[in-house]
>>> print(open('data-v3.pdb').read())   # PDB, C-alpha atoms
ATOM      1  CA  MET A1171       0.307 -24.650   1.502
ATOM      2  CA  ARG A1172       1.624 -21.120   1.261
ATOM      3  CA  ARG A1173      -0.329 -18.187   2.531
ATOM      4  CA  ARG A1174      -1.162 -15.194   0.396
ATOM      5  CA  ARG A1175       1.220 -12.283   0.189
ATOM      6  CA  PRO A1176       0.212  -9.212   2.201
ATOM      7  CA  GLU A1177      -0.801  -6.303   0.020
ATOM      8  CA  LYS A1178       1.644  -3.425  -0.384
ATOM      9  CA  ARG A1179       0.964  -0.401   1.791
ATOM     10  CA  LYS A1180       0.300   2.874   0.023
ATOM     11  CA  ILE A1181       2.662   5.605   1.159
ATOM     12  CA  LEU A1182       1.884   9.298   0.855
ATOM     13  CA  LYS A1183       4.016  11.638  -1.230
ATOM     14  CA  ASP A1184       6.432  13.811   0.716
ATOM     15  CA  PRO A1185       5.175  17.293   1.713
ATOM     16  CA  ILE A1186       7.842  19.426  -0.009
ATOM     17  CA  TYR A1187       8.684  17.780  -3.346
ATOM     18  CA  LYS A1188       5.413  15.817  -3.789
ATOM     19  CA  ASP A1189       7.487  12.795  -4.794
ATOM     20  CA  LEU A1190       6.953   9.144  -3.908
ATOM     21  CA  THR A1191      10.618   8.066  -4.097
ATOM     22  CA  VAL A1192      11.581  10.883  -1.714
ATOM     23  CA  ALA A1193       8.921   9.719   0.752
ATOM     24  CA  LYS A1194      10.185   6.150   0.448
ATOM     25  CA  PHE A1195      13.793   7.237   1.013
ATOM     26  CA  VAL A1196      12.783   9.268   4.077
ATOM     27  CA  ASN A1197      11.079   6.133   5.415
ATOM     28  CA  TYR A1198      14.337   4.219   4.878
ATOM     29  CA  ILE A1199      16.262   6.860   6.843
ATOM     30  CA  MET A1200      13.731   6.824   9.677
ATOM     31  CA  GLN A1201      14.642   5.035  12.901
ATOM     32  CA  ASP A1202      12.358   4.358  15.876
ATOM     33  CA  GLY A1203       9.422   5.971  14.057
ATOM     34  CA  LYS A1204      10.983   9.438  14.165
ATOM     35  CA  LYS A1205       9.935  10.660  10.753
ATOM     36  CA  SER A1206      10.422  14.379  11.409
ATOM     37  CA  ILE A1207      14.111  13.774  12.180
ATOM     38  CA  ALA A1208      14.474  11.637   9.044
ATOM     39  CA  GLU A1209      12.855  14.390   6.942
ATOM     40  CA  LYS A1210      15.143  16.977   8.509
ATOM     41  CA  ILE A1211      18.205  14.875   7.638
ATOM     42  CA  PHE A1212      17.084  14.403   4.028
ATOM     43  CA  TYR A1213      16.062  18.017   3.367
ATOM     44  CA  ASN A1214      19.265  19.326   4.986
ATOM     45  CA  ALA A1215      21.250  16.970   2.749
ATOM     46  CA  LEU A1216      19.465  18.395  -0.305
ATOM     47  CA  ASP A1217      20.249  21.935   0.906
ATOM     48  CA  ILE A1218      23.924  20.972   1.240
ATOM     49  CA  ILE A1219      23.880  19.526  -2.291
ATOM     50  CA  LYS A1220      22.229  22.717  -3.535
ATOM     51  CA  GLY A1221      24.979  24.791  -1.925
ATOM     52  CA  GLN A1222      27.918  22.632  -3.011
ATOM     53  CA  LEU A1223      26.913  22.005  -6.622
ATOM     54  CA  LYS A1224      25.193  25.391  -7.060
ATOM     55  CA  THR A1225      22.225  23.682  -8.695
ATOM     56  CA  ASP A1226      18.637  24.828  -8.410
ATOM     57  CA  ASP A1227      17.257  21.263  -8.400
ATOM     58  CA  PRO A1228      19.013  18.972  -5.891
ATOM     59  CA  LEU A1229      16.256  16.402  -6.460
ATOM     60  CA  GLU A1230      17.794  15.775  -9.886
ATOM     61  CA  VAL A1231      21.085  14.799  -8.178
ATOM     62  CA  PHE A1232      19.173  12.468  -5.832
ATOM     63  CA  LYS A1233      17.341  10.759  -8.722
ATOM     64  CA  LYS A1234      20.565  10.446 -10.727
ATOM     65  CA  ALA A1235      22.351   8.921  -7.719
ATOM     66  CA  LEU A1236      19.539   6.389  -7.207
ATOM     67  CA  ASN A1237      19.574   5.521 -10.891
ATOM     68  CA  ASN A1238      23.363   5.053 -10.910
ATOM     69  CA  VAL A1239      23.348   2.790  -7.839
ATOM     70  CA  SER A1240      20.424   0.605  -8.987
ATOM     71  CA  PRO A1241      21.650  -2.885  -9.976
ATOM     72  CA  ILE A1242      20.419  -4.571 -13.158
ATOM     73  CA  LEU A1243      21.597  -8.111 -12.343
ATOM     74  CA  GLU A1244      22.184  -9.967  -9.086
ATOM     75  CA  VAL A1245      22.964 -13.553  -8.096
ATOM     76  CA  LYS A1246      20.585 -15.849  -6.288
ATOM     77  CA  SER A1247      21.558 -19.182  -4.746
ATOM     78  CA  LYS A1248      19.804 -22.138  -6.314
ATOM     79  CA  ARG A1249      20.223 -25.696  -5.117
ATOM     80  CA  ILE A1250      20.314 -28.253  -7.895
ATOM     81  CA  GLY A1251      21.225 -31.891  -7.276
ATOM     82  CA  GLY A1252      23.172 -31.396  -4.077
ATOM     83  CA  ALA A1253      25.180 -28.460  -5.407
ATOM     84  CA  THR A1254      24.405 -24.808  -4.824
ATOM     85  CA  TYR A1255      24.851 -22.498  -7.786
ATOM     86  CA  GLN A1256      24.918 -18.713  -7.840
ATOM     87  CA  VAL A1257      22.444 -18.035 -10.646
ATOM     88  CA  PRO A1258      22.367 -14.520 -12.143
ATOM     89  CA  ILE A1259      18.862 -13.046 -12.369
ATOM     90  CA  GLU A1260      17.454  -9.717 -13.473
ATOM     91  CA  VAL A1261      16.353  -7.424 -10.679
ATOM     92  CA  SER A1262      12.742  -6.183 -10.665
ATOM     93  CA  SER A1263      12.245  -2.416 -10.694
ATOM     94  CA  TYR A1264      10.797  -2.402  -7.160
ATOM     95  CA  ARG A1265      13.732  -4.370  -5.738
ATOM     96  CA  ARG A1266      16.164  -2.297  -7.802
ATOM     97  CA  THR A1267      15.140   0.950  -6.113
ATOM     98  CA  SER A1268      14.963  -0.554  -2.641
ATOM     99  CA  LEU A1269      18.463  -2.058  -2.996
ATOM    100  CA  ALA A1270      19.799   1.281  -4.241
ATOM    101  CA  MET A1271      18.276   3.139  -1.285
ATOM    102  CA  ARG A1272      19.552   0.548   1.174
ATOM    103  CA  TRP A1273      23.099   0.618  -0.214
ATOM    104  CA  ILE A1274      23.237   4.421  -0.246
ATOM    105  CA  LEU A1275      22.170   4.519   3.400
ATOM    106  CA  ILE A1276      24.535   1.742   4.503
ATOM    107  CA  TYR A1277      27.526   3.517   2.979
ATOM    108  CA  THR A1278      26.323   6.905   4.217
ATOM    109  CA  LYS A1279      26.377   5.610   7.780
ATOM    110  CA  ALA A1280      29.842   4.093   7.229
ATOM    111  CA  ARG A1281      31.282   7.434   6.046
ATOM    112  CA  LYS A1282      33.378   9.602   8.308
ATOM    113  CA  GLY A1283      31.885  12.997   8.987
ATOM    114  CA  ASN A1284      30.030  15.013  11.548
ATOM    115  CA  SER A1285      26.323  15.075  10.705
ATOM    116  CA  MET A1286      24.182  12.487   8.973
ATOM    117  CA  SER A1287      22.895  15.050   6.485
ATOM    118  CA  SER A1288      26.409  16.056   5.388
ATOM    119  CA  LYS A1289      27.397  12.391   5.005
ATOM    120  CA  LEU A1290      24.217  11.703   3.014
ATOM    121  CA  ALA A1291      24.865  14.714   0.785
ATOM    122  CA  ALA A1292      28.439  13.540   0.145
ATOM    123  CA  GLU A1293      27.296  10.001  -0.705
ATOM    124  CA  LEU A1294      24.544  11.257  -3.034
ATOM    125  CA  ILE A1295      26.959  13.586  -4.840
ATOM    126  CA  ALA A1296      29.506  10.756  -5.178
ATOM    127  CA  ALA A1297      26.844   8.344  -6.458
ATOM    128  CA  SER A1298      25.543  10.862  -8.998
ATOM    129  CA  ASN A1299      29.123  11.195 -10.296
ATOM    130  CA  LYS A1300      29.381   7.382 -10.537
ATOM    131  CA  GLU A1301      31.911   7.071  -7.709
ATOM    132  CA  GLY A1302      31.810   6.135  -4.045
ATOM    133  CA  SER A1303      31.138   2.982  -2.043
ATOM    134  CA  SER A1304      27.529   2.443  -3.133
ATOM    135  CA  ILE A1305      28.574   2.459  -6.800
ATOM    136  CA  LYS A1306      31.362  -0.012  -5.959
ATOM    137  CA  LYS A1307      28.747  -2.301  -4.368
ATOM    138  CA  ARG A1308      26.706  -2.201  -7.588
ATOM    139  CA  GLU A1309      29.793  -2.982  -9.665
ATOM    140  CA  ASP A1310      30.672  -5.914  -7.372
ATOM    141  CA  THR A1311      27.121  -7.270  -7.718
ATOM    142  CA  HIS A1312      27.360  -7.027 -11.505
ATOM    143  CA  LYS A1313      30.796  -8.707 -11.491
ATOM    144  CA  MET A1314      29.368 -11.610  -9.480
ATOM    145  CA  ALA A1315      26.529 -11.990 -11.968
ATOM    146  CA  GLU A1316      28.962 -11.795 -14.893
ATOM    147  CA  ALA A1317      31.274 -14.400 -13.349
ATOM    148  CA  ASN A1318      28.394 -16.827 -12.869
ATOM    149  CA  LYS A1319      26.886 -16.306 -16.310
ATOM    150  CA  ALA A1320      27.579 -19.978 -17.069
ATOM    151  CA  PHE A1321      24.792 -20.947 -14.650
ATOM    152  CA  ALA A1322      22.189 -18.651 -16.229
ATOM    153  CA  HIS A1323      20.435 -21.653 -17.787
ATOM    154  CA  PHE A1324      19.346 -22.768 -14.260
ATOM    155  CA  ARG A1325      17.073 -19.742 -14.098
TER     156      ARG A1325
END
>>> encode(input="data-v3.pdb", output="structure tokens")
Amino acid sequence: MRRRRPEKRKILKDPIYKDLTVAKFVNYIMQDGKKSIAEKIFYNALDIIKGQLKTDDPLEVFKKALNNVSPILEVKSKRIGGATYQVPIEVSSYRRTSLAMRWILIYTKARKGNSMSSKLAAELIAASNKEGSSIKKREDTHKMAEANKAFAHFR
């Protein structure tokens, strides 16, 4: 018998932008419980974006980047009669945003550069322009789902 799922924790909106997705992203950046450092990295990245793109709302760039990186389809392994098939499934909105955040951070850390905030700013700008490694990851995920469309009936 399976146990019940634990209930989702409520997270507070971030102090500056009063936005839930920003707070969630800051939590993704955070390591070893050091939230103030994670916030500093994120807000510095937004300042860099503001300076580079000469925009008055860097949050718009962040939201656009998240939206561009979010996958619509992904493949899930399903075992049917001794064979394992990669079955394409639609991604739920919650998982969509968490995958996007995770991919942006993975490819931010992989970038060459001096500070984390400058790397994050560069990745967010690239993602909002539909280029960069995190966008490539999304495209690869969609290609996999497209290639295995024949197994969609196993869903």
>>> resolve_selection(input="data-v3.pdb", expression="the PyMOL selection byres ((chain A and resi 1215-1224) around 6)", output="list in words")
Phe1212, Tyr1213, Asn1214, Thr1225, Pro1228, Ser1287, Ser1288 and Ala1291 of chain A
>>> closest_residue(input="data-v3.pdb", among="A:Ala1208, A:Val1192, A:Ile1295, A:Leu1290", to="Ser1268 of chain A", atoms="all atoms listed in the file")
A:Val1192
>>> residues_around(input="data-v3.pdb", residues="segment 1194-1198 of chain A", least_positions_apart="6", cutoff="9 Å", atoms="only C-alpha atoms", output="PyMOL selection string")
chain A and resi 1181-1184+1205+1208-1209+1211-1212+1268+1271-1272+1275
>>> atom_distance(input="data-v3.pdb", atom1="atom CA of Val1245 of chain A", atom2="atom CA of Asn1318 of chain A")
7.9 Å
>>> closest_residue(input="data-v3.pdb", among="A:Met1286, A:Phe1324, A:Ala1253, A:Ala1315", to="Met1200 of chain A", atoms="all atoms listed in the file")
A:Met1286
>>> closest_residue(input="data-v3.pdb", among="A:Phe1321, A:Ile1250, A:Lys1289, A:Thr1191", to="Tyr1264 of chain A", atoms="all atoms listed in the file")
A:Thr1191
>>> resolve_selection(input="data-v3.pdb", expression="the PyMOL selection byres ((chain A and resi 1242) around 9)", output="PDB file with C-alpha atoms, in the frame of the given file")
ATOM      1  CA  SER A1240      20.424   0.605  -8.987  1.00  0.00           C
ATOM      2  CA  PRO A1241      21.650  -2.885  -9.976  1.00  0.00           C
ATOM      3  CA  LEU A1243      21.597  -8.111 -12.343  1.00  0.00           C
ATOM      4  CA  GLU A1244      22.184  -9.967  -9.086  1.00  0.00           C
ATOM      5  CA  ILE A1259      18.862 -13.046 -12.369  1.00  0.00           C
ATOM      6  CA  GLU A1260      17.454  -9.717 -13.473  1.00  0.00           C
ATOM      7  CA  VAL A1261      16.353  -7.424 -10.679  1.00  0.00           C
ATOM      8  CA  SER A1262      12.742  -6.183 -10.665  1.00  0.00           C
ATOM      9  CA  SER A1263      12.245  -2.416 -10.694  1.00  0.00           C
ATOM     10  CA  ARG A1266      16.164  -2.297  -7.802  1.00  0.00           C
ATOM     11  CA  ARG A1308      26.706  -2.201  -7.588  1.00  0.00           C
ATOM     12  CA  HIS A1312      27.360  -7.027 -11.505  1.00  0.00           C
TER      13      HIS A1312
END
>>> closest_residue(input="data-v3.pdb", among="A:Thr1311, A:Asp1227, A:Ile1199, A:Val1257", to="Thr1278 of chain A", atoms="all atoms listed in the file")
A:Ile1199
>>> residues_around(input="data-v3.pdb", residues="Ile1305 of chain A", least_positions_apart="5", cutoff="8 Å", atoms="all atoms listed in the file", output="count of residues only")
4
>>> closest_residue(input="data-v3.pdb", among="A:Asp1202, A:Glu1293, A:Asp1189, A:Glu1309", to="Ala1235 of chain A", atoms="all atoms listed in the file")
A:Glu1293
>>> atom_distance(input="data-v3.pdb", atom1="atom CA of Asn1237 of chain A", atom2="atom CA of Gly1203 of chain A")
26.9 Å
>>> atom_distance(input="data-v3.pdb", atom1="atom CA of Val1231 of chain A", atom2="atom CA of Asn1299 of chain A")
9.1 Å
>>> closest_residue(input="data-v3.pdb", among="A:Lys1246, A:Ser1206, A:Thr1267, A:Arg1173", to="Leu1190 of chain A", atoms="only C-alpha atoms")
A:Thr1267
>>> build_atoms(input="data-v3.pdb", residues="segment 1232-1256 of chain A", atoms="N, CA, C and O atoms", output="compact mmCIF listing (two decimals), in the frame of the given file")
# COMPACT_ATOMS: atom_id res chain seq x y z
N PHE A 1232 19.66 13.62 -6.59
CA PHE A 1232 19.17 12.47 -5.83
C PHE A 1232 18.69 11.36 -6.77
O PHE A 1232 19.07 10.20 -6.63
N LYS A 1233 17.88 11.74 -7.76
CA LYS A 1233 17.34 10.76 -8.72
C LYS A 1233 18.46 10.12 -9.54
O LYS A 1233 18.46 8.92 -9.78
N LYS A 1234 19.43 10.95 -9.94
CA LYS A 1234 20.56 10.45 -10.73
C LYS A 1234 21.38 9.46 -9.90
O LYS A 1234 21.80 8.41 -10.40
N ALA A 1235 21.60 9.80 -8.62
CA ALA A 1235 22.35 8.92 -7.72
C ALA A 1235 21.63 7.58 -7.57
O ALA A 1235 22.27 6.52 -7.67
N LEU A 1236 20.32 7.62 -7.35
CA LEU A 1236 19.54 6.39 -7.21
C LEU A 1236 19.63 5.55 -8.47
O LEU A 1236 19.80 4.34 -8.41
N ASN A 1237 19.52 6.21 -9.60
CA ASN A 1237 19.57 5.52 -10.89
C ASN A 1237 20.94 4.87 -11.12
O ASN A 1237 21.03 3.76 -11.63
N ASN A 1238 22.01 5.58 -10.73
CA ASN A 1238 23.36 5.05 -10.91
C ASN A 1238 23.66 3.86 -10.00
O ASN A 1238 24.42 2.97 -10.36
N VAL A 1239 23.07 3.85 -8.81
CA VAL A 1239 23.35 2.79 -7.84
C VAL A 1239 22.48 1.55 -8.09
O VAL A 1239 22.86 0.44 -7.73
N SER A 1240 21.35 1.72 -8.76
CA SER A 1240 20.42 0.60 -8.99
C SER A 1240 21.07 -0.53 -9.78
O SER A 1240 21.55 -0.30 -10.89
N PRO A 1241 21.07 -1.75 -9.25
CA PRO A 1241 21.65 -2.88 -9.98
C PRO A 1241 20.69 -3.44 -11.03
O PRO A 1241 19.47 -3.37 -10.86
N ILE A 1242 21.24 -3.98 -12.10
CA ILE A 1242 20.42 -4.57 -13.16
C ILE A 1242 20.37 -6.09 -12.97
O ILE A 1242 19.34 -6.71 -13.15
N LEU A 1243 21.51 -6.67 -12.59
CA LEU A 1243 21.60 -8.11 -12.34
C LEU A 1243 22.07 -8.38 -10.92
O LEU A 1243 22.81 -7.58 -10.35
N GLU A 1244 21.65 -9.50 -10.37
CA GLU A 1244 22.18 -9.97 -9.09
C GLU A 1244 22.22 -11.49 -9.12
O GLU A 1244 21.65 -12.11 -10.01
N VAL A 1245 22.91 -12.09 -8.14
CA VAL A 1245 22.96 -13.55 -8.10
C VAL A 1245 22.06 -14.07 -6.98
O VAL A 1245 21.92 -13.44 -5.94
N LYS A 1246 21.44 -15.21 -7.27
CA LYS A 1246 20.58 -15.85 -6.29
C LYS A 1246 21.04 -17.30 -6.16
O LYS A 1246 21.30 -17.95 -7.17
N SER A 1247 21.14 -17.80 -4.95
CA SER A 1247 21.56 -19.18 -4.75
C SER A 1247 20.44 -20.13 -5.12
O SER A 1247 19.29 -19.94 -4.71
N LYS A 1248 20.79 -21.13 -5.92
CA LYS A 1248 19.80 -22.14 -6.31
C LYS A 1248 20.42 -23.51 -6.11
O LYS A 1248 21.52 -23.77 -6.58
N ARG A 1249 19.70 -24.38 -5.42
CA ARG A 1249 20.22 -25.70 -5.12
C ARG A 1249 19.73 -26.70 -6.15
O ARG A 1249 18.53 -26.91 -6.30
N ILE A 1250 20.67 -27.28 -6.86
CA ILE A 1250 20.31 -28.25 -7.90
C ILE A 1250 21.17 -29.50 -7.71
O ILE A 1250 22.39 -29.44 -7.80
N GLY A 1251 20.54 -30.61 -7.41
CA GLY A 1251 21.22 -31.89 -7.28
C GLY A 1251 22.37 -31.90 -6.29
O GLY A 1251 23.44 -32.37 -6.59
N GLY A 1252 22.16 -31.36 -5.13
CA GLY A 1252 23.17 -31.40 -4.08
C GLY A 1252 24.21 -30.31 -4.18
O GLY A 1252 25.02 -30.14 -3.28
N ALA A 1253 24.23 -29.57 -5.26
CA ALA A 1253 25.18 -28.46 -5.41
C ALA A 1253 24.41 -27.14 -5.42
O ALA A 1253 23.30 -27.06 -5.93
N THR A 1254 25.03 -26.13 -4.84
CA THR A 1254 24.40 -24.81 -4.82
C THR A 1254 25.09 -23.93 -5.85
O THR A 1254 26.32 -23.77 -5.82
N TYR A 1255 24.31 -23.37 -6.74
CA TYR A 1255 24.85 -22.50 -7.79
C TYR A 1255 24.39 -21.07 -7.56
O TYR A 1255 23.27 -20.84 -7.11
N GLN A 1256 25.28 -20.12 -7.88
CA GLN A 1256 24.92 -18.71 -7.84
C GLN A 1256 24.38 -18.38 -9.23
O GLN A 1256 25.14 -18.23 -10.16
